[in-house]
$ cat protein28.txt   # compact mmCIF, C-alpha atoms and all ligand atoms
# COMPACT_ATOMS: atom_id res chain seq x y z
CA MET A 8 -6.25 19.67 -23.65
CA ARG A 9 -5.82 19.32 -19.87
CA THR A 10 -7.66 21.97 -17.84
CA LEU A 11 -5.67 24.15 -15.46
CA HIS A 12 -7.23 24.24 -11.96
CA ARG A 13 -6.42 27.67 -10.58
CA SER A 14 -7.55 29.12 -7.23
CA ARG A 15 -6.47 31.60 -4.59
CA HIS A 16 -6.72 31.45 -0.77
CA ASP A 17 -5.31 33.17 2.31
CA VAL A 18 -3.40 29.98 3.13
CA VAL A 19 -2.62 26.81 1.21
CA ILE A 20 -1.47 23.81 3.20
CA VAL A 21 0.38 20.96 1.52
CA GLY A 22 -0.32 17.68 3.33
CA GLY A 23 -3.66 16.86 4.92
CA ARG A 24 -2.91 14.46 7.76
CA VAL A 25 -2.38 15.20 11.46
CA ALA A 26 -0.38 18.42 10.97
CA GLY A 27 -2.06 19.73 7.82
CA SER A 28 -5.71 19.05 8.52
CA ALA A 29 -5.39 20.23 12.14
CA THR A 30 -3.81 23.52 11.00
CA ALA A 31 -6.45 23.93 8.29
CA MET A 32 -9.28 23.24 10.74
CA LEU A 33 -7.99 25.78 13.26
CA LEU A 34 -7.35 28.49 10.66
CA ALA A 35 -10.79 27.94 9.11
CA ARG A 36 -12.38 28.11 12.56
CA LEU A 37 -10.61 31.44 12.99
CA GLY A 38 -12.35 32.66 9.83
CA HIS A 39 -9.58 32.35 7.25
CA ASP A 40 -9.87 31.11 3.70
CA VAL A 41 -7.78 27.91 3.66
CA ALA A 42 -7.13 25.16 1.14
CA VAL A 43 -5.44 21.90 2.06
CA VAL A 44 -4.14 19.58 -0.64
CA ASP A 45 -2.79 16.06 -0.36
CA GLN A 46 -1.51 13.67 -2.97
CA ALA A 47 -3.20 10.81 -1.10
CA LEU A 48 -6.89 9.99 -1.16
CA PHE A 49 -8.63 9.62 2.23
CA PRO A 50 -9.28 7.34 4.00
CA SER A 51 -5.81 5.90 3.57
CA ASP A 52 -3.08 4.69 5.86
CA THR A 53 0.41 6.04 6.28
CA MET A 54 3.55 4.50 7.74
CA SER A 55 2.96 5.01 11.46
CA THR A 56 1.98 3.29 14.64
CA HIS A 57 -0.54 5.51 16.38
CA SER A 58 -0.53 5.68 20.14
CA ILE A 59 -1.47 9.24 21.02
CA ALA A 60 0.28 10.66 24.09
CA ARG A 61 -1.81 12.44 26.72
CA SER A 62 -0.97 15.84 25.22
CA GLY A 63 -2.35 14.76 21.84
CA VAL A 64 -5.49 13.39 23.49
CA VAL A 65 -5.90 16.75 25.26
CA GLN A 66 -5.75 18.50 21.87
CA LEU A 67 -8.41 16.21 20.38
CA HIS A 68 -10.56 16.89 23.45
CA ARG A 69 -10.11 20.68 23.26
CA TRP A 70 -10.88 20.66 19.54
CA GLY A 71 -14.10 18.66 20.09
CA LEU A 72 -12.87 15.61 18.14
CA LEU A 73 -12.25 13.05 20.88
CA ASP A 74 -15.83 11.76 20.80
CA ALA A 75 -15.54 11.14 17.05
CA VAL A 76 -12.35 9.16 17.64
CA LEU A 77 -14.10 6.98 20.25
CA ALA A 78 -17.19 6.66 18.04
CA SER A 79 -14.93 5.28 15.30
CA GLY A 80 -14.38 2.23 17.52
CA ALA A 81 -10.90 3.13 18.82
CA PRO A 82 -10.96 1.73 22.37
CA ALA A 83 -10.40 4.05 25.33
CA ILE A 84 -7.18 2.69 26.82
CA ARG A 85 -7.28 2.88 30.62
CA GLN A 86 -4.36 0.71 31.65
CA VAL A 87 -0.65 0.55 30.87
CA THR A 88 1.69 -2.31 31.80
CA PHE A 89 5.48 -2.03 31.85
CA HIS A 90 7.50 -5.24 31.66
CA ALA A 91 11.19 -4.87 32.51
CA LEU A 92 13.92 -6.70 34.42
CA GLY A 93 11.63 -9.68 35.09
CA GLU A 94 8.85 -7.57 36.64
CA SER A 95 5.51 -6.33 35.33
CA VAL A 96 3.87 -3.19 36.72
CA THR A 97 0.33 -2.24 35.70
CA ARG A 98 -1.04 1.26 36.25
CA THR A 99 -4.40 2.84 35.57
CA ILE A 100 -4.27 6.02 33.48
CA LYS A 101 -4.79 8.85 35.96
CA HIS A 102 -7.23 11.71 35.42
CA LYS A 103 -4.91 14.57 34.46
CA ALA A 104 -5.25 17.61 32.20
CA GLY A 105 -8.93 16.73 31.69
CA VAL A 106 -8.44 13.22 30.26
CA ASP A 107 -8.37 9.79 31.90
CA PHE A 108 -7.64 7.51 28.97
CA LEU A 109 -5.39 7.23 25.93
CA VAL A 110 -6.30 6.19 22.37
CA ALA A 111 -4.49 4.60 19.44
CA PRO A 112 -6.75 5.10 16.41
CA ARG A 113 -5.60 3.79 13.04
CA ARG A 114 -4.25 6.61 10.91
CA TYR A 115 -6.72 6.00 8.09
CA VAL A 116 -9.42 6.76 10.68
CA LEU A 117 -7.76 9.63 12.60
CA ASP A 118 -6.53 11.50 9.53
CA THR A 119 -9.96 11.24 7.90
CA ILE A 120 -11.67 12.59 11.04
CA LEU A 121 -9.31 15.59 10.99
CA ALA A 122 -9.76 16.25 7.26
CA ALA A 123 -13.55 16.09 7.68
CA ALA A 124 -13.33 18.52 10.62
CA ALA A 125 -11.25 20.91 8.49
CA GLU A 126 -13.87 20.69 5.74
CA ARG A 127 -16.73 21.26 8.20
CA ALA A 128 -14.92 24.36 9.48
CA GLY A 129 -14.89 25.72 5.92
CA ALA A 130 -11.48 24.67 4.56
CA ALA A 131 -11.31 23.45 0.96
CA VAL A 132 -9.86 19.92 1.24
CA ARG A 133 -8.56 18.62 -2.08
CA THR A 134 -7.08 15.15 -2.24
CA GLY A 135 -5.25 13.51 -5.13
CA ILE A 136 -3.22 16.69 -5.77
CA THR A 137 0.57 16.45 -5.88
CA VAL A 138 2.46 19.68 -5.29
CA THR A 139 5.72 19.86 -7.21
CA GLY A 140 6.94 23.36 -6.36
CA VAL A 141 6.27 26.82 -4.95
CA HIS A 142 5.73 30.15 -6.71
CA ARG A 143 7.58 33.25 -5.58
CA ASP A 144 6.62 36.84 -6.29
CA ARG A 145 9.01 39.52 -7.52
CA ARG A 146 10.29 40.16 -3.98
CA GLY A 147 11.14 36.47 -3.53
CA GLN A 148 8.22 35.94 -1.15
CA VAL A 149 6.56 32.51 -1.50
CA ALA A 150 3.15 33.16 -3.04
CA GLY A 151 1.58 29.79 -3.88
CA VAL A 152 2.12 26.25 -5.07
CA TYR A 153 1.82 24.34 -8.31
CA GLY A 154 1.45 20.70 -9.17
CA HIS A 155 -1.01 18.35 -10.80
CA ASP A 156 -4.00 16.16 -10.10
CA ARG A 157 -4.11 12.40 -10.60
CA GLY A 158 -5.18 12.81 -14.21
CA GLY A 159 -2.12 14.99 -14.88
CA ALA A 160 -4.08 18.25 -15.12
CA PRO A 161 -2.03 21.19 -13.82
CA VAL A 162 -3.03 22.77 -10.51
CA ASP A 163 -2.04 26.27 -9.44
CA ILE A 164 -2.96 27.72 -6.06
CA GLY A 165 -2.03 31.26 -5.07
CA ALA A 166 -1.87 32.13 -1.35
CA ARG A 167 -0.57 34.68 1.09
CA TYR A 168 0.98 31.82 3.07
CA VAL A 169 2.13 28.34 2.04
CA ILE A 170 2.36 25.78 4.83
CA GLY A 171 4.34 22.61 4.33
CA ALA A 172 2.69 19.85 6.36
CA ASP A 173 3.92 17.28 3.88
CA GLY A 174 5.93 15.04 6.14
CA LEU A 175 9.56 14.06 6.57
CA ARG A 176 10.46 14.32 2.89
CA SER A 177 8.66 17.64 2.55
CA ARG A 178 8.52 19.01 -0.99
CA VAL A 179 7.71 22.46 0.43
CA ALA A 180 10.77 22.42 2.73
CA HIS A 181 12.90 21.35 -0.22
CA SER A 182 11.43 23.97 -2.59
CA VAL A 183 11.91 26.87 -0.18
CA GLY A 184 15.36 25.62 0.88
CA ALA A 185 14.45 25.29 4.58
CA PRO A 186 17.71 24.40 6.33
CA VAL A 187 17.97 21.67 8.96
CA ASN A 188 19.01 23.71 12.01
CA GLU A 189 19.73 20.71 14.21
CA ALA A 190 20.47 17.12 13.22
CA ARG A 191 21.17 14.38 15.73
CA PRO A 192 22.16 10.74 15.11
CA ALA A 193 19.54 8.73 13.21
CA GLY A 194 20.19 5.26 14.53
CA GLY A 195 16.77 3.87 15.43
CA ALA A 196 14.50 1.40 13.65
CA ILE A 197 10.88 0.39 14.18
CA GLN A 198 8.90 -2.53 12.76
CA TYR A 199 5.20 -3.19 13.31
CA ALA A 200 2.22 -5.33 12.32
CA TYR A 201 -1.42 -5.84 13.38
CA TYR A 202 -2.74 -8.86 15.23
CA GLY A 203 -6.26 -9.98 16.18
CA GLY A 204 -7.99 -12.94 17.76
CA ILE A 205 -6.75 -12.59 21.36
CA PRO A 206 -7.74 -10.06 24.06
CA TRP A 207 -5.68 -6.95 24.86
CA ALA A 208 -5.95 -5.57 28.39
CA GLY A 209 -4.38 -2.20 27.59
CA MET A 210 -1.15 -0.73 26.36
CA GLU A 211 1.95 -2.73 27.10
CA PHE A 212 5.66 -1.90 26.95
CA PHE A 213 8.54 -4.39 27.09
CA VAL A 214 12.03 -3.06 27.85
CA ALA A 215 15.04 -5.26 27.07
CA GLU A 216 18.71 -4.72 26.19
CA ARG A 217 18.82 -2.72 22.94
CA SER A 218 15.09 -3.02 22.32
CA PHE A 219 11.68 -1.66 23.24
CA ALA A 220 8.50 -3.42 22.14
CA GLY A 221 4.82 -3.04 22.79
CA VAL A 222 1.11 -3.34 22.22
CA PHE A 223 -1.28 -0.54 21.15
CA PRO A 224 -4.91 -1.78 21.18
CA THR A 225 -6.87 -0.34 18.27
CA HIS A 226 -10.04 -0.87 16.19
CA HIS A 227 -11.86 -4.15 15.55
CA GLY A 228 -10.28 -5.97 18.52
CA GLN A 229 -6.86 -5.73 16.90
CA ALA A 230 -3.59 -4.39 18.28
CA CYS A 231 -0.57 -2.79 16.71
CA ILE A 232 2.46 -4.81 17.81
CA TRP A 233 5.78 -3.01 17.38
CA VAL A 234 9.44 -3.33 18.18
CA CYS A 235 12.05 -0.56 18.25
CA THR A 236 15.77 -1.41 18.08
CA PRO A 237 18.98 0.12 16.79
CA SER A 238 18.88 -0.01 12.96
CA ALA A 239 22.06 -2.09 12.92
CA ASP A 240 20.32 -4.84 14.95
CA ALA A 241 17.20 -4.79 12.74
CA ARG A 242 19.40 -5.03 9.63
CA ALA A 243 21.49 -7.89 11.04
CA VAL A 244 18.36 -9.92 11.90
CA ARG A 245 16.82 -9.22 8.50
CA ARG A 246 20.02 -10.40 6.75
CA ARG A 247 20.03 -13.78 8.45
CA THR A 248 16.27 -14.45 8.15
CA GLY A 249 14.23 -15.33 5.09
CA SER A 250 11.60 -12.58 5.26
CA ARG A 251 10.46 -9.44 7.03
CA VAL A 252 7.88 -11.49 8.94
CA GLU A 253 10.51 -13.92 10.16
CA ALA A 254 12.81 -11.03 11.14
CA PHE A 255 9.97 -9.36 13.05
CA GLY A 256 9.22 -12.63 14.87
CA GLU A 257 12.87 -13.00 15.86
CA LEU A 258 13.17 -9.39 17.07
CA LEU A 259 9.98 -9.77 19.13
CA GLY A 260 11.09 -13.14 20.51
CA ASP A 261 14.31 -11.53 21.78
CA SER A 262 12.68 -8.31 23.05
CA ALA A 263 9.42 -9.57 24.50
CA PRO A 264 9.34 -13.37 24.73
CA GLN A 265 6.05 -13.41 26.72
CA LEU A 266 4.37 -11.31 24.04
CA ALA A 267 5.82 -13.44 21.23
CA GLU A 268 4.42 -16.50 23.00
CA ARG A 269 0.93 -14.91 23.30
CA LEU A 270 1.02 -13.95 19.62
CA ARG A 271 1.31 -17.63 18.67
CA ARG A 272 -2.43 -17.86 19.45
CA ALA A 273 -3.25 -14.63 17.56
CA ARG A 274 -3.68 -13.95 13.84
CA ARG A 275 -1.50 -11.46 11.99
CA THR A 276 -3.80 -9.27 9.88
CA SER A 277 -1.27 -7.10 8.04
CA PRO A 278 2.17 -7.23 6.50
CA VAL A 279 5.12 -6.13 8.64
CA ARG A 280 6.09 -2.52 7.92
CA GLY A 281 8.82 -0.34 9.33
CA MET A 282 11.51 2.23 9.01
CA LEU A 283 15.27 2.18 9.52
CA ARG A 284 17.53 5.12 10.44
CA GLN A 285 14.77 7.45 11.63
CA PRO A 286 16.02 11.05 11.48
CA ASN A 287 16.11 13.26 14.57
CA GLN A 288 16.12 16.77 13.17
CA VAL A 289 14.67 20.26 13.51
CA ARG A 290 14.21 22.43 10.43
CA GLN A 291 13.89 26.18 10.14
CA ALA A 292 10.14 26.62 10.60
CA PHE A 293 9.42 29.72 8.52
CA GLY A 294 10.57 32.19 5.89
CA PRO A 295 8.95 34.87 3.70
CA GLY A 296 5.46 33.57 2.92
CA TRP A 297 6.03 30.02 4.15
CA ALA A 298 6.02 27.88 7.29
CA LEU A 299 6.38 24.21 8.16
CA ALA A 300 4.30 22.09 10.55
CA GLY A 301 4.51 18.48 11.72
CA ASP A 302 7.23 16.13 10.47
CA ALA A 303 8.12 18.54 7.68
CA GLY A 304 9.59 20.83 10.34
CA TYR A 305 10.53 18.50 13.18
CA HIS A 306 11.12 14.77 13.01
CA ARG A 307 12.00 12.45 15.82
CA ASP A 308 12.50 8.70 16.32
CA ALA A 309 9.19 6.88 16.93
CA VAL A 310 10.56 5.36 20.17
CA THR A 311 8.67 8.02 22.18
CA ALA A 312 5.50 7.81 20.01
CA HIS A 313 5.13 11.59 20.12
CA GLY A 314 4.90 12.71 16.48
CA ILE A 315 1.10 13.00 16.35
CA SER A 316 1.07 15.05 19.56
CA ASP A 317 3.90 17.26 18.27
CA ALA A 318 1.95 17.83 15.07
CA PHE A 319 -1.21 18.81 17.00
CA ARG A 320 0.67 21.21 19.28
CA ASP A 321 2.56 22.86 16.43
CA ALA A 322 -0.59 23.09 14.27
CA GLU A 323 -2.16 25.24 16.94
CA LEU A 324 0.95 27.39 17.51
CA LEU A 325 1.19 27.97 13.76
CA ALA A 326 -2.53 28.67 13.28
CA VAL A 327 -2.30 31.33 16.00
CA ALA A 328 0.79 32.88 14.37
CA ILE A 329 -0.76 32.98 10.89
CA ASP A 330 -4.00 34.38 12.35
CA GLN A 331 -2.02 37.16 13.99
CA ALA A 332 -0.19 37.94 10.76
CA LEU A 333 -3.33 37.84 8.61
CA GLY A 334 -5.84 39.47 10.86
CA ALA A 335 -4.39 41.13 13.92
CA GLY A 336 -1.90 43.39 12.20
CA VAL A 337 1.13 41.66 13.72
CA GLU A 338 4.16 41.88 11.44
CA GLU A 339 4.62 38.57 9.57
CA THR A 340 8.22 37.90 10.53
CA ALA A 341 7.54 38.65 14.19
CA ALA A 342 4.49 36.32 14.24
CA LEU A 343 6.28 33.45 12.50
CA ALA A 344 9.50 33.91 14.49
CA LEU A 345 7.41 33.58 17.65
CA TYR A 346 5.93 30.34 16.24
CA GLN A 347 9.42 28.93 15.69
CA GLN A 348 10.53 30.04 19.15
CA GLN A 349 7.49 28.45 20.82
CA ARG A 350 7.85 25.24 18.78
CA ASP A 351 11.55 24.92 19.54
CA ARG A 352 10.99 25.50 23.25
CA ALA A 353 8.02 23.11 23.40
CA LEU A 354 9.76 20.24 21.60
CA ARG A 355 13.06 20.45 23.49
CA GLU A 356 12.56 18.23 26.55
CA ILE A 357 10.95 15.29 24.74
CA PHE A 358 13.36 15.65 21.79
CA GLU A 359 16.32 15.23 24.17
CA ILE A 360 14.68 12.22 25.83
CA THR A 361 13.91 10.74 22.39
CA CYS A 362 17.52 11.08 21.21
CA ARG A 363 18.78 9.44 24.39
CA LEU A 364 16.24 6.60 24.20
CA ALA A 365 17.06 6.05 20.51
CA ALA A 366 20.68 5.41 21.54
CA TYR A 367 19.42 2.39 23.58
CA PRO A 368 21.29 2.84 26.87
CA ALA A 369 21.36 -0.09 29.35
CA VAL A 370 17.94 -1.13 30.71
CA PRO A 371 18.03 0.80 34.05
CA ALA A 372 18.93 4.03 32.21
CA PHE A 373 16.25 3.33 29.58
CA ILE A 374 13.66 2.88 32.35
CA GLU A 375 14.76 6.12 34.00
CA LEU A 376 14.30 7.95 30.67
CA GLN A 377 10.80 6.44 30.34
CA LYS A 378 9.93 7.93 33.74
CA GLN A 379 11.24 11.32 32.56
CA LEU A 380 9.17 10.95 29.39
CA SER A 381 6.03 10.24 31.38
CA ALA A 382 6.59 13.37 33.53
CA ALA A 383 7.34 15.50 30.44
CA ASN A 384 4.18 14.22 28.73
CA ASP A 385 2.08 15.14 31.77
CA LYS A 386 3.67 18.59 31.97
CA GLU A 387 2.99 19.25 28.28
CA ALA A 388 -0.60 17.98 28.56
CA THR A 389 -1.26 20.27 31.54
CA ALA A 390 0.13 23.26 29.65
CA LEU A 391 -2.00 22.51 26.56
CA ALA A 392 -5.13 22.00 28.67
CA SER A 393 -4.74 25.56 29.94
CA TRP A 394 -4.78 27.07 26.42
CA PRO A 395 -8.03 28.82 25.43
CA VAL A 396 -10.73 26.74 23.73
CA SER A 397 -9.79 26.49 20.07
CA GLY A 398 -12.03 27.99 17.43
CA GLU A 399 -12.87 30.93 19.67
CA ARG A 400 -11.30 34.26 18.77
CA LEU A 401 -9.46 33.82 22.06
CA LEU A 402 -7.31 31.19 20.36
CA ALA A 403 -5.46 33.99 18.65
CA THR A 404 -4.10 35.18 21.98
CA ALA A 405 -2.92 31.77 23.18
C1 LIG A 501 6.91 3.66 11.89
C2 LIG A 501 6.43 4.90 12.63
C3 LIG A 501 5.72 4.77 13.81
C4 LIG A 501 5.24 5.92 14.46
N1 LIG A 501 4.51 5.77 15.60
C5 LIG A 501 3.96 6.87 16.20
C6 LIG A 501 3.12 6.73 17.34
O1 LIG A 501 2.83 5.62 17.85
N2 LIG A 501 2.60 7.86 17.90
C7 LIG A 501 2.87 9.10 17.41
O2 LIG A 501 2.39 10.10 17.97
N3 LIG A 501 3.66 9.25 16.30
C8 LIG A 501 4.20 8.17 15.70
N4 LIG A 501 4.97 8.32 14.58
C9 LIG A 501 5.20 9.67 14.05
C10 LIG A 501 3.98 10.13 13.26
O3 LIG A 501 3.60 9.16 12.33
C11 LIG A 501 4.33 11.43 12.50
O4 LIG A 501 4.94 12.33 13.41
C12 LIG A 501 3.10 12.05 11.89
O5 LIG A 501 2.57 11.22 10.90
C13 LIG A 501 3.44 13.40 11.26
O6 LIG A 501 2.29 13.90 10.65
P1 LIG A 501 2.36 14.96 9.47
O7 LIG A 501 0.96 15.37 9.22
O8 LIG A 501 3.38 15.97 9.79
O9 LIG A 501 2.96 14.16 8.22
P2 LIG A 501 2.47 12.84 7.49
O10 LIG A 501 1.62 12.01 8.36
O11 LIG A 501 3.72 12.25 6.92
O12 LIG A 501 1.55 13.40 6.31
C14 LIG A 501 2.10 14.11 5.24
C15 LIG A 501 1.09 14.13 4.12
O13 LIG A 501 1.62 14.97 3.09
C16 LIG A 501 1.30 14.42 1.85
N5 LIG A 501 2.28 14.88 0.86
C17 LIG A 501 3.61 14.67 0.89
N6 LIG A 501 4.19 15.26 -0.17
C18 LIG A 501 3.20 15.84 -0.87
C19 LIG A 501 3.18 16.60 -2.07
N7 LIG A 501 4.30 16.88 -2.74
N8 LIG A 501 1.98 17.04 -2.53
C20 LIG A 501 0.84 16.78 -1.85
N9 LIG A 501 0.81 16.05 -0.71
C21 LIG A 501 1.98 15.61 -0.22
C22 LIG A 501 1.36 12.91 2.05
O14 LIG A 501 0.54 12.25 1.08
C23 LIG A 501 0.82 12.77 3.47
O15 LIG A 501 -0.55 12.49 3.47
C24 LIG A 501 5.49 7.19 13.92
C25 LIG A 501 6.23 7.31 12.74
C26 LIG A 501 6.69 6.18 12.10
C27 LIG A 501 7.45 6.34 10.80

$ encode --input "protein28.txt" --output "structure tokens" --more "lines below"
Ligand SMILES: Cc1cc2nc3c(=O)[nH]c(=O)nc-3n(C[C@H](O)[C@H](O)[C@H](O)COP(=O)(O)OP(=O)(O)OC[C@H]3O[C@@H](n4cnc5c(N)ncnc54)[C@H](O)[C@@H]3O)c2cc1C
Amino acid sequence: MRTLHRSRHDVVIVGGRVAGSATAMLLARLGHDVAVVDQALFPSDTMSTHSIARSGVVQLHRWGLLDAVLASGAPAIRQVTFHALGESVTRTIKHKAGVDFLVAPRRYVLDTILAAAAERAGAAVRTGITVTGVHRDRRGQVAGVYGHDRGGAPVDIGARYVIGADGLRSRVAHSVGAPVNEARPAGGAIQYAYYGGIPWAGMEFFVAERSFAGVFPTHHGQACIWVCTPSADARAVRRRTGSRVEAFGELLGDSAPQLAERLRRARRTSPVRGMLRQPNQVRQAFGPGWALAGDAGYHRDAVTAHGISDAFRDAELLAVAIDQALGAGVEETAALALYQQQRDRALREIFEITCRLAAYPAVPAFIELQKQLSAANDKEATALASWPVSGERLLATA
């Protein structure tokens, strides 16, 4: 007979990557009894390129994890080059909000660093567990999750709060019936692959009509090479080419011919992966006994490469809210409503820029939006840098 694994915690978090493990780490540092479960085993990759915007780097720094990211071999990126309208402009990353470089660690590295930090802080991290639904108590309040491990044994975890950090197709959001409060057109596509064997000077961005491509230097001398386009264009190229690799080559050749030329001397070290029709949507972030963090609650096109930073910011806002509800005697609905309000305010500017970029306006307008994005990133990073040091009781008053 299969054994039932049953446990109870203050908080159970479904999904253990950037949103889930960060929330678990912060709640555990605040003294709460937290379990985080993920159907994946770590280290493992997920579908994502992985440039971290300055605000995300600030969060890693504040949480004491930036050194571990550098120690993993992710290079400190100190220079960014923009190629557009026949010109190339290179800038050094300025010292702002306490950081003077960016990083683009592979997700199998970053997510594992976060899960280990959550575990060190005292969270129970359980991988290989698939959650299939939520329990409700007699009042209709969400009171736990159920599912199974990889061997099929049932798992049952009771909790005062259930957090869905289980990504775009969130099972928790689905189970609690979290409505999408705002949905915008989902027209953008992204394709990417890894290349090694040639040097990378820093991050690079290539703006062309109806496309945006680039280079994110990462571990082992490799770089993530990506191209964003309208989905219709990616589909059309895929239809007339023989393979994903050929389609990727054609898209890159059109978007960034100099880069495509350089890549002829490089070696592709991965398959081409990607996503079409990326949703731009904001879900209701909480209800009785539940809350959502990361992509489960807010998803945006990858053209602004901001999802990891959004997840880090919202993890901290949510950890503070749950801490207030669990420990500081703040009424649950008031604490979680404040979380939603803060999240919705914080995401707004870059969400609007993302939606406009994902519509691929003409190159001058696209460049103007990139400048707005850069200013919005700096503003967000400065705000985050002023929050109290996480893990201190002070965090709860952020
Ligand atoms: C192609 C692409 C490129 C991107 N590039 C960037 C970029 O350069 N920079 C950036 O900042 N962002 C980027 N993003 C966005 C970024 O990847 C996401 O915002 C980020 O991964 C969200 O993290 P998360 O923790 O919310 O969810 P996820 O990373 O999706 O993690 C969810 C976890 O939940 C687990 N899970 C799901 N369902 C269950 C279940 N039922 N039971 C148990 N576990 C479950 C999954 O196994 C997974 O590990 C990109 C996204 C895509 C698709």

$ closest_atom_pairs --input "protein28.txt" --of "region 104-162 of chain A" --to "region 168-189 of chain A" --cutoff "7 Å" --atoms "only C-alpha atoms" --output "CSV"
residue,atom,partner,partner_atom,distance
A:Thr139,CA,A:Arg178,CA,6.9
A:Gly140,CA,A:Ser182,CA,5.9
A:Val141,CA,A:Ser182,CA,6.3
A:Ala150,CA,A:Tyr168,CA,6.6
A:Gly151,CA,A:Val169,CA,6.1

$ closest_residue --input "protein28.txt" --among "A:His102, A:Tyr115, A:Ala312, A:His90" --to "Ile374 (chain A)" --atoms "all atoms listed in the file"
A:His90

$ axis_aligned_box --input "protein28.txt" --around "region 137-147 of chain A" --padding-each-side "6 Å" --output "lines of an AutoDock Vina configuration file"
center_x = 5.9
center_y = 28.3
center_z = -5.5
size_x = 22.6
size_y = 35.7
size_z = 16.0

$ residues_around --input "protein28.txt" --residues "Ile360 (chain A)" --least-positions-apart "5" --cutoff "9 Å" --atoms "all atoms listed in the file" --output "PyMOL selection string"
chain A and resi 311+355+365+376-377+379-380

$ residues_around --input "protein28.txt" --residues "region 216-232 of chain A" --least-positions-apart "4" --cutoff "7 Å" --atoms "all atoms listed in the file" --output "VMD selection string"
chain A and resid 56 58 80 to 82 111 to 113 199 to 203 207 209 to 212 236 to 237 262 to 263 367 369 to 370

$ residues_near_ligand --input "protein28.txt" --ligand "ligand LIG 501 (chain A)" --cutoff "6 Å" --atoms "only C-alpha atoms and all ligand atoms" --output "PyMOL selection string"
chain A and resi 21-27+44-47+54-59+136-139+172-174+177-178+197+281-282+301-303+309+312-316+318

$ residues_around --input "protein28.txt" --residues "Asp17 (chain A)" --least-positions-apart "4" --cutoff "8 Å" --atoms "only C-alpha atoms" --output "PyMOL selection string"
chain A and resi 39-41+166-168

$ atom_distance --input "protein28.txt" --atom1 "CA of Leu391 (chain A)" --atom2 "CA of Gln349 (chain A)"
12.6 Å

$ closest_residue --input "protein28.txt" --among "A:Asp385, A:Gly147, A:Glu257, A:Arg157" --to "Lys101 (chain A)" --atoms "all atoms listed in the file"
A:Asp385

$ atom_distance --input "protein28.txt" --atom1 "CA of Ser250 (chain A)" --atom2 "CA of Gln265 (chain A)"
22.2 Å

$ build_atoms --input "protein28.txt" --residues "region 362-375 of chain A" --atoms "N, CA and C atoms" --output "PDB file, in the coordinates of the input"
ATOM      1  N   CYS A 362      16.169  11.363  21.742  1.00  0.00           N
ATOM      2  CA  CYS A 362      17.520  11.080  21.210  1.00  0.00           C
ATOM      3  C   CYS A 362      18.269  10.125  22.144  1.00  0.00           C
ATOM      4  N   ARG A 363      18.074  10.315  23.451  1.00  0.00           N
ATOM      5  CA  ARG A 363      18.780   9.440  24.390  1.00  0.00           C
ATOM      6  C   ARG A 363      18.187   8.027  24.381  1.00  0.00           C
ATOM      7  N   LEU A 364      16.858   7.933  24.276  1.00  0.00           N
ATOM      8  CA  LEU A 364      16.240   6.600  24.200  1.00  0.00           C
ATOM      9  C   LEU A 364      16.662   5.884  22.910  1.00  0.00           C
ATOM     10  N   ALA A 365      16.743   6.650  21.818  1.00  0.00           N
ATOM     11  CA  ALA A 365      17.060   6.050  20.510  1.00  0.00           C
ATOM     12  C   ALA A 365      18.513   5.588  20.435  1.00  0.00           C
ATOM     13  N   ALA A 366      19.301   5.930  21.469  1.00  0.00           N
ATOM     14  CA  ALA A 366      20.680   5.410  21.540  1.00  0.00           C
ATOM     15  C   ALA A 366      20.713   4.102  22.349  1.00  0.00           C
ATOM     16  N   TYR A 367      19.578   3.647  22.845  1.00  0.00           N
ATOM     17  CA  TYR A 367      19.420   2.390  23.580  1.00  0.00           C
ATOM     18  C   TYR A 367      20.483   2.205  24.678  1.00  0.00           C
ATOM     19  N   PRO A 368      20.407   3.050  25.729  1.00  0.00           N
ATOM     20  CA  PRO A 368      21.290   2.840  26.870  1.00  0.00           C
ATOM     21  C   PRO A 368      20.887   1.541  27.612  1.00  0.00           C
ATOM     22  N   ALA A 369      21.675   1.127  28.587  1.00  0.00           N
ATOM     23  CA  ALA A 369      21.360  -0.090  29.350  1.00  0.00           C
ATOM     24  C   ALA A 369      19.977   0.038  29.995  1.00  0.00           C
ATOM     25  N   VAL A 370      19.354  -1.105  30.279  1.00  0.00           N
ATOM     26  CA  VAL A 370      17.940  -1.130  30.710  1.00  0.00           C
ATOM     27  C   VAL A 370      17.623  -0.170  31.863  1.00  0.00           C
ATOM     28  N   PRO A 371      18.416  -0.129  32.955  1.00  0.00           N
ATOM     29  CA  PRO A 371      18.030   0.800  34.050  1.00  0.00           C
ATOM     30  C   PRO A 371      17.980   2.255  33.568  1.00  0.00           C
ATOM     31  N   ALA A 372      18.929   2.651  32.720  1.00  0.00           N
ATOM     32  CA  ALA A 372      18.930   4.030  32.210  1.00  0.00           C
ATOM     33  C   ALA A 372      17.732   4.242  31.274  1.00  0.00           C
ATOM     34  N   PHE A 373      17.397   3.237  30.486  1.00  0.00           N
ATOM     35  CA  PHE A 373      16.250   3.330  29.580  1.00  0.00           C
ATOM     36  C   PHE A 373      14.957   3.518  30.388  1.00  0.00           C
ATOM     37  N   ILE A 374      14.850   2.769  31.499  1.00  0.00           N
ATOM     38  CA  ILE A 374      13.660   2.880  32.350  1.00  0.00           C
ATOM     39  C   ILE A 374      13.585   4.280  32.971  1.00  0.00           C
ATOM     40  N   GLU A 375      14.718   4.780  33.410  1.00  0.00           N
ATOM     41  CA  GLU A 375      14.760   6.120  34.000  1.00  0.00           C
ATOM     42  C   GLU A 375      14.286   7.167  32.972  1.00  0.00           C
TER      43      GLU A 375
END
